[in-house]
Amino acid sequence: QDKHGVLPVDHGAPRRNLCCLAEAATMNIFRLCGDMLHLGSIMLLIFKLQRSKNCTGVSCRMQEMYAMVFCFRYLDLFWSFISLYNSVMKIIFITTTIYLVYMMRFKTPVCQTYERSNDSFKYEIYLLAPCAVLGLIFADEYKIPDILWSMSIWLESVAILPQLMMMQKGREVENLTSDFVGCLGAYRAFYILNWIYRYFAEDYVNWIGWVGGLIQTALYCDFFYYFAKSKWYGSKLVLPGAS
């Protein structure tokens with residue numbers, strides 16, 4: 001399940017790619033909204049960092065995970081062309097996410113406000129190895145592009161964890177930061193609607209993507225309760241402290 005298109009058919013292409021020619025051409029309102037919300041979340045975060053010169057409350061470690069997700073998933077940029085939309089979206093997601101990591105790690109004065117002590121979730125210890133194993137188990141073929149593609153699905157499903165844990169430590173969340181996370185969650189919600197629509201309209205089935213998406217959505221549920229509550233009452237988002 002390549003959110004912005006898949007590899008075209010070619011000789012020796014993995015079964016995942018052979019059966020998904022229609023995926024590249026398939027577009028519906030749910031998928032488009034999901035893509036725009038995901039793109040909007042990244043642009044909102046770049047705007048916040050550029051305007052305020054401050055990345056307090058933002059997890060660089062989550063951005064590092066998303067950079068790996070996009071690099072692993074979009075390796076096909078080197079050997080295939082689906083459409084201009086497809087290629088441009090992939091390049092934007094890769095470059096903007098790497099740029100966010102650069103800003104928070106190295107670009108002054110933004111990097112001077114990075115809360116390293118609060119952004120302490122060790123994804124390289126707790127998540128990378130399990131996601132790599134799942135990627136290997138569920139890959140269509142034991143080829144590096146397929147294994148990395150599969151790994152990216154599982155890695156994306158838990159990529160929000162560093163940000164959620166960082167927000168819980170700080171408890172009070174800045175509006176732009178909460179809106180950024182809210183857009184990320186809404187993007188996934190629209191992709192679930194896209195899958196439901198395609199299941200009934202096209203008999204589309206993608207168990208790996210569905211399970212990964214449901215895990216990701218489940219991780220957002222608690223955040224969305226407090227996010228919706230803060231918007232309803234017009235107050236700043238305050239999360240319960242870690243017990």
# chains A, B, ... in the order shown; residues from 1 in each chain; ligands from 1

call {"tool": "select_by_dssp", "arguments": {"residues": "range 6-243 of chain A", "states": "strand (DSSP E or B)", "output": "PyMOL selection string"}}
result
chain A and resi 172-173+237-238

call {"tool": "closest_residue", "arguments": {"among": "A:Tyr102, A:Trp149, A:Tyr187, A:Phe78", "to": "Gly209 in chain A", "atoms": "only C-alpha atoms"}}
result
A:Trp149

call {"tool": "residues_around", "arguments": {"residues": "Thr95 in chain A", "least_positions_apart": "5", "cutoff": "9 Å", "atoms": "only C-alpha atoms", "output": "list in words"}}
result
Ala67, Lys90 and Leu100 of chain A

call {"tool": "write_last_selection", "arguments": {"atoms": "N, CA, C and O atoms", "output": "compact mmCIF listing (two decimals), in the first residue's frame"}}
result
# COMPACT_ATOMS: atom_id res chain seq x y z
N ALA A 67 11.11 10.04 8.44
CA ALA A 67 12.10 10.13 7.36
C ALA A 67 12.49 8.72 6.90
O ALA A 67 12.63 8.47 5.69
N LYS A 90 5.99 12.18 -3.35
CA LYS A 90 7.03 11.38 -2.69
C LYS A 90 8.25 12.24 -2.35
O LYS A 90 8.79 12.17 -1.24
N LEU A 100 12.93 18.99 8.39
CA LEU A 100 12.48 19.18 9.77
C LEU A 100 13.50 18.62 10.77
O LEU A 100 13.79 19.23 11.79

call {"tool": "atom_distance", "arguments": {"atom1": "CA of Asp203 in chain A", "atom2": "CA of Glu156 in chain A"}}
result
24.6 Å

call {"tool": "closest_residue", "arguments": {"among": "A:Ile98, A:Met27, A:Cys60, A:Cys33", "to": "Thr113 in chain A", "atoms": "only C-alpha atoms"}}
result
A:Cys60

call {"tool": "residues_around", "arguments": {"residues": "range 36-43 of chain A", "least_positions_apart": "4", "cutoff": "7 Å", "atoms": "only C-alpha atoms", "output": "MDAnalysis selection string"}}
result
chainID A and resid 32 47 180 183:184 186:187

call {"tool": "residues_around", "arguments": {"residues": "Ser87 in chain A", "least_positions_apart": "5", "cutoff": "8 Å", "atoms": "only C-alpha atoms", "output": "list in words"}}
result
Leu77, Phe81 and Ile82 of chain A

call {"tool": "residues_around", "arguments": {"residues": "Glu174 in chain A", "least_positions_apart": "5", "cutoff": "8 Å", "atoms": "only C-alpha atoms", "output": "list of chain:residue names"}}
result
A:Gly57, A:Lys236, A:Leu237

call {"tool": "write_last_selection", "arguments": {"atoms": "all heavy atoms", "output": "short mmCIF file (atom, residue, chain, number, x, y, z; two decimals), in the first residue's frame"}}
result
data_model
loop_
_atom_site.label_atom_id
_atom_site.label_comp_id
_atom_site.auth_asym_id
_atom_site.auth_seq_id
_atom_site.Cartn_x
_atom_site.Cartn_y
_atom_site.Cartn_z
N GLY A 57 8.35 21.19 22.48
CA GLY A 57 7.16 20.33 22.42
C GLY A 57 7.05 19.48 21.18
O GLY A 57 6.11 18.69 21.05
N LYS A 236 -6.71 25.54 25.63
CA LYS A 236 -5.45 24.90 25.23
C LYS A 236 -5.53 23.42 25.58
O LYS A 236 -6.13 23.04 26.59
CB LYS A 236 -4.27 25.56 25.94
CG LYS A 236 -2.92 24.98 25.55
CD LYS A 236 -1.76 25.80 26.08
CE LYS A 236 -1.53 27.04 25.24
NZ LYS A 236 -0.25 27.72 25.60
N LEU A 237 -4.91 22.60 24.74
CA LEU A 237 -4.90 21.15 24.97
C LEU A 237 -4.01 20.82 26.17
O LEU A 237 -2.84 21.17 26.21
CB LEU A 237 -4.40 20.43 23.73
CG LEU A 237 -4.20 18.91 23.85
CD1 LEU A 237 -5.52 18.21 24.15
CD2 LEU A 237 -3.61 18.36 22.56
#

call {"tool": "select_by_dssp", "arguments": {"residues": "range 40-180 of chain A", "states": "helix (DSSP H, G or I)", "output": "JSON, numbers by chain"}}
result
{"A": [40, 41, 42, 43, 44, 45, 46, 47, 48, 49, 50, 51, 52, 60, 61, 62, 63, 64, 65, 66, 67, 68, 69, 70, 71, 72, 73, 75, 76, 77, 78, 84, 85, 86, 87, 88, 89, 90, 91, 92, 93, 94, 95, 96, 97, 98, 99, 100, 101, 102, 103, 104, 105, 110, 111, 112, 113, 123, 124, 125, 126, 128, 129, 130, 131, 132, 133, 134, 135, 136, 137, 138, 144, 145, 146, 147, 148, 149, 150, 151, 152, 153, 154, 155, 156, 157, 161, 162, 163, 164, 165, 166, 167, 168, 169, 170, 175, 176, 177, 178, 179, 180]}

call {"tool": "closest_residue", "arguments": {"among": "A:Gly182, A:Pro109, A:Gly213, A:Pro162", "to": "Gln63 in chain A", "atoms": "only C-alpha atoms"}}
result
A:Pro162

call {"tool": "closest_atom_pairs", "arguments": {"of": "range 155-235 of chain A", "to": "range 117-141 of chain A", "cutoff": "9 Å", "atoms": "only C-alpha atoms", "output": "tab-separated table"}}
result
residue	atom	partner	partner_atom	distance
A:Leu155	CA	A:Cys131	CA	5.8
A:Val158	CA	A:Leu127	CA	7.9
A:Ala159	CA	A:Tyr123	CA	8.6
A:Leu161	CA	A:Phe121	CA	7.9
A:Pro162	CA	A:Phe121	CA	5.4
A:Gln163	CA	A:Asp119	CA	7.7
A:Met165	CA	A:Phe121	CA	7.5
A:Met166	CA	A:Asp119	CA	5.6
A:Met167	CA	A:Asn118	CA	8.7
A:Lys169	CA	A:Asn118	CA	6.9
A:Gly170	CA	A:Asn118	CA	8.0
A:Ile208	CA	A:Phe138	CA	7.6

call {"tool": "write_last_selection", "arguments": {"atoms": "N, CA, C and O atoms", "output": "PDB file, in the first residue's frame"}}
result
ATOM      1  N   LEU A 155       6.568   0.536  10.704  1.00  0.00           N
ATOM      2  CA  LEU A 155       7.252   1.659  11.337  1.00  0.00           C
ATOM      3  C   LEU A 155       6.350   2.884  11.410  1.00  0.00           C
ATOM      4  O   LEU A 155       6.308   3.583  12.425  1.00  0.00           O
ATOM      5  N   VAL A 158       3.682   3.050  14.318  1.00  0.00           N
ATOM      6  CA  VAL A 158       4.087   3.414  15.683  1.00  0.00           C
ATOM      7  C   VAL A 158       4.946   4.684  15.722  1.00  0.00           C
ATOM      8  O   VAL A 158       5.465   5.049  16.775  1.00  0.00           O
ATOM      9  N   ALA A 159       5.074   5.379  14.586  1.00  0.00           N
ATOM     10  CA  ALA A 159       5.957   6.551  14.511  1.00  0.00           C
ATOM     11  C   ALA A 159       5.494   7.704  15.393  1.00  0.00           C
ATOM     12  O   ALA A 159       6.296   8.567  15.770  1.00  0.00           O
ATOM     13  N   LEU A 161       4.541   7.512  18.459  1.00  0.00           N
ATOM     14  CA  LEU A 161       4.807   7.280  19.877  1.00  0.00           C
ATOM     15  C   LEU A 161       5.753   8.295  20.517  1.00  0.00           C
ATOM     16  O   LEU A 161       5.458   8.794  21.612  1.00  0.00           O
ATOM     17  N   PRO A 162       6.896   8.638  19.900  1.00  0.00           N
ATOM     18  CA  PRO A 162       7.770   9.638  20.547  1.00  0.00           C
ATOM     19  C   PRO A 162       7.070  10.973  20.780  1.00  0.00           C
ATOM     20  O   PRO A 162       7.274  11.605  21.824  1.00  0.00           O
ATOM     21  N   GLN A 163       6.223  11.394  19.823  1.00  0.00           N
ATOM     22  CA  GLN A 163       5.515  12.667  19.981  1.00  0.00           C
ATOM     23  C   GLN A 163       4.466  12.581  21.077  1.00  0.00           C
ATOM     24  O   GLN A 163       4.332  13.492  21.901  1.00  0.00           O
ATOM     25  N   MET A 165       4.431  10.605  23.686  1.00  0.00           N
ATOM     26  CA  MET A 165       5.081  10.518  24.998  1.00  0.00           C
ATOM     27  C   MET A 165       5.690  11.855  25.406  1.00  0.00           C
ATOM     28  O   MET A 165       5.665  12.220  26.584  1.00  0.00           O
ATOM     29  N   MET A 166       6.210  12.585  24.440  1.00  0.00           N
ATOM     30  CA  MET A 166       6.769  13.903  24.739  1.00  0.00           C
ATOM     31  C   MET A 166       5.667  14.871  25.187  1.00  0.00           C
ATOM     32  O   MET A 166       5.839  15.638  26.138  1.00  0.00           O
ATOM     33  N   MET A 167       4.516  14.828  24.507  1.00  0.00           N
ATOM     34  CA  MET A 167       3.410  15.699  24.886  1.00  0.00           C
ATOM     35  C   MET A 167       2.871  15.339  26.262  1.00  0.00           C
ATOM     36  O   MET A 167       2.478  16.216  27.028  1.00  0.00           O
ATOM     37  N   LYS A 169       4.565  14.165  28.740  1.00  0.00           N
ATOM     38  CA  LYS A 169       5.502  14.683  29.741  1.00  0.00           C
ATOM     39  C   LYS A 169       5.280  16.170  29.982  1.00  0.00           C
ATOM     40  O   LYS A 169       5.337  16.650  31.115  1.00  0.00           O
ATOM     41  N   GLY A 170       5.037  16.913  28.883  1.00  0.00           N
ATOM     42  CA  GLY A 170       4.830  18.353  29.017  1.00  0.00           C
ATOM     43  C   GLY A 170       3.425  18.718  29.440  1.00  0.00           C
ATOM     44  O   GLY A 170       3.188  19.802  29.974  1.00  0.00           O
ATOM     45  N   ILE A 208      -1.899  -6.023   5.334  1.00  0.00           N
ATOM     46  CA  ILE A 208      -0.764  -5.413   6.030  1.00  0.00           C
ATOM     47  C   ILE A 208      -1.034  -3.932   6.289  1.00  0.00           C
ATOM     48  O   ILE A 208      -0.858  -3.422   7.397  1.00  0.00           O
TER      49      ILE A 208
END
